$ cat upload.pdb   # PDB, C-alpha atoms, pLDDT in the B column
ATOM      1  CA  MET A   1     -14.794 -31.249 -22.681  1.00 55.00           C
ATOM      2  CA  LYS A   2     -11.877 -30.042 -20.532  1.00 57.00           C
ATOM      3  CA  LYS A   3     -14.134 -27.706 -18.553  1.00 59.00           C
ATOM      4  CA  LYS A   4     -16.577 -30.529 -17.855  1.00 60.00           C
ATOM      5  CA  HIS A   5     -13.710 -32.751 -16.702  1.00 64.00           C
ATOM      6  CA  LYS A   6     -12.403 -29.976 -14.431  1.00 65.00           C
ATOM      7  CA  LYS A   7     -15.893 -29.364 -13.080  1.00 64.00           C
ATOM      8  CA  ASP A   8     -16.354 -33.089 -12.335  1.00 71.00           C
ATOM      9  CA  LYS A   9     -12.932 -33.191 -10.712  1.00 68.00           C
ATOM     10  CA  MET A  10     -13.761 -30.161  -8.542  1.00 70.00           C
ATOM     11  CA  GLU A  11     -17.090 -31.725  -7.524  1.00 73.00           C
ATOM     12  CA  ASN A  12     -15.321 -34.959  -6.593  1.00 73.00           C
ATOM     13  CA  GLU A  13     -12.800 -33.015  -4.497  1.00 77.00           C
ATOM     14  CA  GLU A  14     -15.599 -31.118  -2.776  1.00 78.00           C
ATOM     15  CA  MET A  15     -17.385 -34.389  -2.014  1.00 76.00           C
ATOM     16  CA  LYS A  16     -14.166 -35.843  -0.561  1.00 77.00           C
ATOM     17  CA  ASP A  17     -13.700 -32.715   1.567  1.00 79.00           C
ATOM     18  CA  LEU A  18     -17.260 -32.977   2.861  1.00 76.00           C
ATOM     19  CA  GLU A  19     -16.786 -36.668   3.683  1.00 81.00           C
ATOM     20  CA  GLU A  20     -13.537 -35.903   5.509  1.00 83.00           C
ATOM     21  CA  LYS A  21     -15.224 -33.145   7.496  1.00 80.00           C
ATOM     22  CA  ASP A  22     -18.070 -35.500   8.441  1.00 80.00           C
ATOM     23  CA  GLU A  23     -15.555 -38.112   9.578  1.00 83.00           C
ATOM     24  CA  LYS A  24     -13.707 -35.485  11.642  1.00 83.00           C
ATOM     25  CA  LYS A  25     -16.966 -34.356  13.243  1.00 81.00           C
ATOM     26  CA  ASP A  26     -17.869 -37.954  14.120  1.00 82.00           C
ATOM     27  CA  LYS A  27     -14.435 -38.510  15.665  1.00 83.00           C
ATOM     28  CA  LYS A  28     -14.718 -35.290  17.677  1.00 82.00           C
ATOM     29  CA  GLU A  29     -18.175 -36.196  18.912  1.00 84.00           C
ATOM     30  CA  LYS A  30     -16.930 -39.629  19.978  1.00 82.00           C
ATOM     31  CA  LYS A  31     -13.925 -38.014  21.721  1.00 81.00           C
ATOM     32  CA  LYS A  32     -16.132 -35.518  23.547  1.00 81.00           C
ATOM     33  CA  LYS A  33     -18.539 -38.238  24.574  1.00 81.00           C
ATOM     34  CA  HIS A  34     -15.670 -40.391  25.832  1.00 79.00           C
ATOM     35  CA  LYS A  35     -14.152 -37.464  27.752  1.00 79.00           C
ATOM     36  CA  LYS A  36     -17.485 -36.624  29.304  1.00 77.00           C
ATOM     37  CA  GLU A  37     -17.998 -40.225  30.389  1.00 80.00           C
ATOM     38  CA  LYS A  38     -14.470 -40.221  31.830  1.00 75.00           C
ATOM     39  CA  LYS A  39     -15.158 -37.002  33.764  1.00 72.00           C
ATOM     40  CA  ASP A  40     -18.460 -38.329  35.108  1.00 71.00           C
ATOM     41  CA  LYS A  41     -16.744 -41.528  36.202  1.00 70.00           C
ATOM     42  CA  LYS A  42     -13.977 -39.605  38.019  1.00 63.00           C
ATOM     43  CA  LYS A  43     -16.538 -37.392  39.753  1.00 60.00           C
ATOM     44  CA  LYS A  44     -18.367 -40.439  41.044  1.00 58.00           C
ATOM     45  CA  GLU A  45     -15.103 -41.963  42.281  1.00 55.00           C
ATOM     46  CA  ASN A  46     -13.985 -38.822  44.144  1.00 51.00           C
ATOM     47  CA  GLY A  47     -17.442 -37.960  45.436  1.00 51.00           C
ATOM     48  CA  TYR A  48     -17.287 -34.204  44.999  1.00 47.00           C
ATOM     49  CA  SER A  49     -18.388 -31.519  42.577  1.00 48.00           C
ATOM     50  CA  LYS A  50     -16.753 -28.312  41.370  1.00 46.00           C
ATOM     51  CA  ASP A  51     -18.586 -26.378  44.070  1.00 46.00           C
ATOM     52  CA  ASP A  52     -16.959 -28.492  46.811  1.00 45.00           C
ATOM     53  CA  LEU A  53     -13.388 -27.340  46.144  1.00 43.00           C
ATOM     54  CA  TYR A  54     -13.395 -24.838  49.003  1.00 44.00           C
ATOM     55  CA  MET A  55     -15.593 -25.084  52.044  1.00 43.00           C
ATOM     56  CA  PHE A  56     -16.351 -21.991  54.087  1.00 42.00           C
ATOM     57  CA  ASP A  57     -17.892 -21.794  57.492  1.00 43.00           C
ATOM     58  CA  LEU A  58     -20.202 -18.864  56.922  1.00 44.00           C
ATOM     59  CA  SER A  59     -21.124 -18.334  60.576  1.00 47.00           C
ATOM     60  CA  ASP A  60     -18.351 -15.750  61.126  1.00 44.00           C
ATOM     61  CA  VAL A  61     -18.989 -13.804  57.931  1.00 44.00           C
ATOM     62  CA  HIS A  62     -20.136 -10.251  58.643  1.00 47.00           C
ATOM     63  CA  SER A  63     -21.747  -9.624  55.285  1.00 47.00           C
ATOM     64  CA  ALA A  64     -22.008 -11.393  51.971  1.00 47.00           C
ATOM     65  CA  SER A  65     -19.590  -8.998  50.274  1.00 49.00           C
ATOM     66  CA  THR A  66     -16.952  -8.684  53.056  1.00 49.00           C
ATOM     67  CA  PRO A  67     -16.052 -11.897  54.883  1.00 48.00           C
ATOM     68  CA  ASN A  68     -14.097 -11.804  58.131  1.00 49.00           C
ATOM     69  CA  ILE A  69     -10.552 -11.881  56.730  1.00 48.00           C
ATOM     70  CA  LYS A  70      -8.864 -12.733  60.061  1.00 49.00           C
ATOM     71  CA  HIS A  71     -10.593 -16.092  60.260  1.00 50.00           C
ATOM     72  CA  LEU A  72     -10.629 -16.891  56.543  1.00 48.00           C
ATOM     73  CA  PRO A  73      -7.574 -19.230  56.420  1.00 51.00           C
ATOM     74  CA  GLU A  74      -8.910 -21.232  59.357  1.00 52.00           C
ATOM     75  CA  GLU A  75     -12.320 -21.550  57.723  1.00 52.00           C
ATOM     76  CA  MET A  76     -11.023 -22.981  54.430  1.00 55.00           C
ATOM     77  CA  GLU A  77     -10.486 -26.661  54.055  1.00 57.00           C
ATOM     78  CA  PRO A  78      -7.446 -27.441  51.939  1.00 56.00           C
ATOM     79  CA  LEU A  79      -7.879 -29.357  48.732  1.00 54.00           C
ATOM     80  CA  ARG A  80      -7.117 -33.029  48.843  1.00 57.00           C
ATOM     81  CA  PRO A  81      -4.341 -34.179  46.420  1.00 56.00           C
ATOM     82  CA  ALA A  82      -6.871 -36.127  44.331  1.00 55.00           C
ATOM     83  CA  GLN A  83      -8.973 -32.981  44.015  1.00 55.00           C
ATOM     84  CA  ARG A  84      -5.975 -30.851  43.013  1.00 57.00           C
ATOM     85  CA  SER A  85      -4.817 -33.249  40.302  1.00 62.00           C
ATOM     86  CA  LYS A  86      -8.330 -33.684  39.051  1.00 66.00           C
ATOM     87  CA  SER A  87      -8.902 -29.968  38.675  1.00 81.00           C
ATOM     88  CA  LEU A  88      -5.548 -29.672  36.897  1.00 84.00           C
ATOM     89  CA  ASP A  89      -6.496 -32.580  34.619  1.00 83.00           C
ATOM     90  CA  GLU A  90      -9.824 -30.938  33.918  1.00 86.00           C
ATOM     91  CA  LEU A  91      -8.074 -27.705  33.014  1.00 88.00           C
ATOM     92  CA  ARG A  92      -5.703 -29.573  30.728  1.00 88.00           C
ATOM     93  CA  GLU A  93      -8.619 -31.350  29.050  1.00 89.00           C
ATOM     94  CA  GLU A  94     -10.446 -28.055  28.590  1.00 90.00           C
ATOM     95  CA  ALA A  95      -7.291 -26.468  27.183  1.00 92.00           C
ATOM     96  CA  GLN A  96      -6.900 -29.410  24.790  1.00 94.00           C
ATOM     97  CA  GLU A  97     -10.559 -29.110  23.722  1.00 93.00           C
ATOM     98  CA  ILE A  98     -10.107 -25.389  23.122  1.00 95.00           C
ATOM     99  CA  THR A  99      -6.913 -26.080  21.150  1.00 95.00           C
ATOM    100  CA  ASP A 100      -8.769 -28.661  19.054  1.00 94.00           C
ATOM    101  CA  ILE A 101     -11.579 -26.213  18.391  1.00 95.00           C
ATOM    102  CA  MET A 102      -9.101 -23.504  17.420  1.00 96.00           C
ATOM    103  CA  MET A 103      -7.287 -25.884  15.063  1.00 95.00           C
ATOM    104  CA  ASP A 104     -10.611 -26.821  13.479  1.00 94.00           C
ATOM    105  CA  ASN A 105     -11.394 -23.143  13.064  1.00 96.00           C
ATOM    106  CA  VAL A 106      -8.026 -22.562  11.403  1.00 95.00           C
ATOM    107  CA  VAL A 107      -8.705 -25.460   9.014  1.00 94.00           C
ATOM    108  CA  LYS A 108     -12.150 -24.047   8.265  1.00 94.00           C
ATOM    109  CA  ILE A 109     -10.670 -20.596   7.631  1.00 95.00           C
ATOM    110  CA  ARG A 110      -8.130 -22.077   5.218  1.00 94.00           C
ATOM    111  CA  ASP A 111     -10.857 -24.016   3.426  1.00 93.00           C
ATOM    112  CA  ARG A 112     -12.980 -20.893   3.256  1.00 95.00           C
ATOM    113  CA  GLU A 113     -10.004 -18.923   1.928  1.00 94.00           C
ATOM    114  CA  GLY A 114      -9.443 -21.519  -0.795  1.00 93.00           C
ATOM    115  CA  LYS A 115     -13.105 -21.433  -1.734  1.00 94.00           C
ATOM    116  CA  LEU A 116     -13.047 -17.636  -1.825  1.00 94.00           C
ATOM    117  CA  ASP A 117     -10.009 -17.734  -4.117  1.00 93.00           C
ATOM    118  CA  ASP A 118     -11.823 -20.152  -6.425  1.00 93.00           C
ATOM    119  CA  LEU A 119     -14.888 -17.927  -6.346  1.00 95.00           C
ATOM    120  CA  CYS A 120     -12.790 -14.849  -7.228  1.00 94.00           C
ATOM    121  CA  GLU A 121     -11.221 -16.711 -10.150  1.00 94.00           C
ATOM    122  CA  LYS A 122     -14.658 -17.750 -11.386  1.00 94.00           C
ATOM    123  CA  ALA A 123     -15.930 -14.183 -11.036  1.00 95.00           C
ATOM    124  CA  GLU A 124     -12.973 -12.838 -13.022  1.00 94.00           C
ATOM    125  CA  SER A 125     -13.532 -15.484 -15.694  1.00 94.00           C
ATOM    126  CA  LEU A 126     -17.228 -14.607 -15.889  1.00 94.00           C
ATOM    127  CA  ASN A 127     -16.374 -10.916 -16.112  1.00 94.00           C
ATOM    128  CA  ALA A 128     -13.982 -11.555 -19.021  1.00 93.00           C
ATOM    129  CA  SER A 129     -16.492 -13.762 -20.837  1.00 94.00           C
ATOM    130  CA  THR A 130     -19.215 -11.134 -20.254  1.00 95.00           C
ATOM    131  CA  GLU A 131     -17.078  -8.434 -21.858  1.00 93.00           C
ATOM    132  CA  MET A 132     -16.310 -10.740 -24.809  1.00 94.00           C
ATOM    133  CA  PHE A 133     -20.000 -11.578 -25.211  1.00 95.00           C
ATOM    134  CA  GLN A 134     -20.915  -7.880 -25.127  1.00 95.00           C
ATOM    135  CA  ARG A 135     -18.363  -7.020 -27.834  1.00 94.00           C
ATOM    136  CA  THR A 136     -19.483  -9.921 -30.005  1.00 95.00           C
ATOM    137  CA  SER A 137     -23.164  -9.041 -29.616  1.00 96.00           C
ATOM    138  CA  VAL A 138     -22.510  -5.396 -30.620  1.00 95.00           C
ATOM    139  CA  LEU A 139     -20.600  -6.543 -33.717  1.00 95.00           C
ATOM    140  CA  MET A 140     -23.346  -9.006 -34.632  1.00 96.00           C
ATOM    141  CA  ARG A 141     -26.023  -6.326 -34.204  1.00 95.00           C
ATOM    142  CA  ARG A 142     -24.160  -3.929 -36.526  1.00 95.00           C
ATOM    143  CA  LYS A 143     -23.574  -6.668 -39.069  1.00 95.00           C
ATOM    144  CA  GLN A 144     -27.258  -7.625 -39.057  1.00 96.00           C
ATOM    145  CA  TRP A 145     -28.295  -3.971 -39.350  1.00 96.00           C
ATOM    146  CA  TRP A 146     -26.110  -3.543 -42.459  1.00 96.00           C
ATOM    147  CA  ARG A 147     -27.472  -6.787 -43.899  1.00 95.00           C
ATOM    148  CA  ASN A 148     -31.037  -5.536 -43.421  1.00 96.00           C
ATOM    149  CA  LYS A 149     -30.191  -2.155 -44.987  1.00 96.00           C
ATOM    150  CA  LYS A 150     -28.602  -3.861 -48.019  1.00 95.00           C
ATOM    151  CA  MET A 151     -31.646  -6.110 -48.445  1.00 96.00           C
ATOM    152  CA  LYS A 152     -34.007  -3.130 -48.313  1.00 96.00           C
ATOM    153  CA  LEU A 153     -31.848  -1.264 -50.854  1.00 96.00           C
ATOM    154  CA  ILE A 154     -31.790  -4.250 -53.221  1.00 96.00           C
ATOM    155  CA  LEU A 155     -35.560  -4.687 -52.933  1.00 96.00           C
ATOM    156  CA  MET A 156     -36.096  -0.995 -53.628  1.00 96.00           C
ATOM    157  CA  VAL A 157     -33.831  -1.134 -56.722  1.00 96.00           C
ATOM    158  CA  VAL A 158     -35.547  -4.292 -58.020  1.00 96.00           C
ATOM    159  CA  GLY A 159     -38.962  -2.716 -57.341  1.00 95.00           C
ATOM    160  CA  ALA A 160     -37.936   0.478 -59.132  1.00 96.00           C
ATOM    161  CA  CYS A 161     -36.661  -1.602 -62.099  1.00 95.00           C
ATOM    162  CA  PHE A 162     -39.972  -3.473 -62.320  1.00 95.00           C
ATOM    163  CA  LEU A 163     -41.874  -0.206 -62.086  1.00 95.00           C
ATOM    164  CA  VAL A 164     -39.791   1.343 -64.862  1.00 95.00           C
ATOM    165  CA  LEU A 165     -40.123  -1.788 -66.995  1.00 94.00           C
ATOM    166  CA  PHE A 166     -43.866  -1.956 -66.390  1.00 93.00           C
ATOM    167  CA  THR A 167     -44.238   1.721 -67.250  1.00 94.00           C
ATOM    168  CA  VAL A 168     -42.245   1.283 -70.468  1.00 91.00           C
ATOM    169  CA  ILE A 169     -44.346  -1.733 -71.501  1.00 90.00           C
ATOM    170  CA  ILE A 170     -47.604   0.117 -70.873  1.00 91.00           C
ATOM    171  CA  THR A 171     -46.475   3.223 -72.777  1.00 91.00           C
ATOM    172  CA  LEU A 172     -45.253   1.138 -75.704  1.00 88.00           C
ATOM    173  CA  SER A 173     -48.435  -0.917 -75.819  1.00 89.00           C
ATOM    174  CA  ALA A 174     -50.527   2.260 -75.630  1.00 87.00           C
ATOM    175  CA  SER A 175     -48.605   3.767 -78.499  1.00 86.00           C
ATOM    176  CA  GLY A 176     -48.990   0.533 -80.416  1.00 79.00           C
ATOM    177  CA  ASN A 177     -45.319  -0.208 -80.997  1.00 71.00           C
ATOM    178  CA  ILE A 178     -45.466  -3.643 -79.515  1.00 63.00           C
TER     179      ILE A 178
END

$ encode --input "upload.pdb" --output "structure tokens"
Amino acid sequence: MKKKHKKDKMENEEMKDLEEKDEKKDKKEKKKKHKKEKKDKKKKENGYSKDDLYMFDLSDVHSASTPNIKHLPEEMEPLRPAQRSKSLDELREEAQEITDIMMDNVVKIRDREGKLDDLCEKAESLNASTEMFQRTSVLMRRKQWWRNKKMKLILMVVGACFLVLFTVIITLSASGNI
């Protein structure tokens, strides 16, 4: 009865954990969706993409791998303040997303560790009950074997008694004493 209650309690806890995880996932998905919408809105307001951060005039470049370094600072357009803050905000958002993911991973690892501990306890319990079952089955087998041997011995003795009695009755009736 206690084991069943514990099992039901564990199942209820597992169900609660699963529901909490689902709620967390839904919240994260909503957050990500909101952040993405926010980013898209900012991009439309500023009118640039990630590729537009630095503009090069490629007419003075000697080769694709080695640009003309003398003219490089003149060729670059500086970032506008809105672009700088936006890229910094994007980096902060990405860092926050990565932190959130890492925290989720830590929570998952802890949950997994707890489940592994429970599984190890169950395995140890099963191992102990297996050993007990094995000992009990060996004892029961020996007991049954002795019971069978005793029964065979009793039947043989009773059979021998009937045989002796039958032989005595036949010899007495043949001799005419009965």

$ resolve_selection --input "upload.pdb" --expression "the PyMOL selection byres ((chain A and resi 98-107) around 12)" --output "PyMOL selection string"
chain A and resi 17+21+24-25+27-29+31-32+91-97+108-114

$ atom_distance --input "upload.pdb" --atom1 "atom CA of A:Lys115" --atom2 "atom CA of A:Met132"
25.6 Å

$ atom_distance --input "upload.pdb" --atom1 "atom CA of A:Lys149" --atom2 "atom CA of A:Thr167"
26.6 Å

$ atom_distance --input "upload.pdb" --atom1 "atom CA of A:Leu119" --atom2 "atom CA of A:Glu14"
13.7 Å
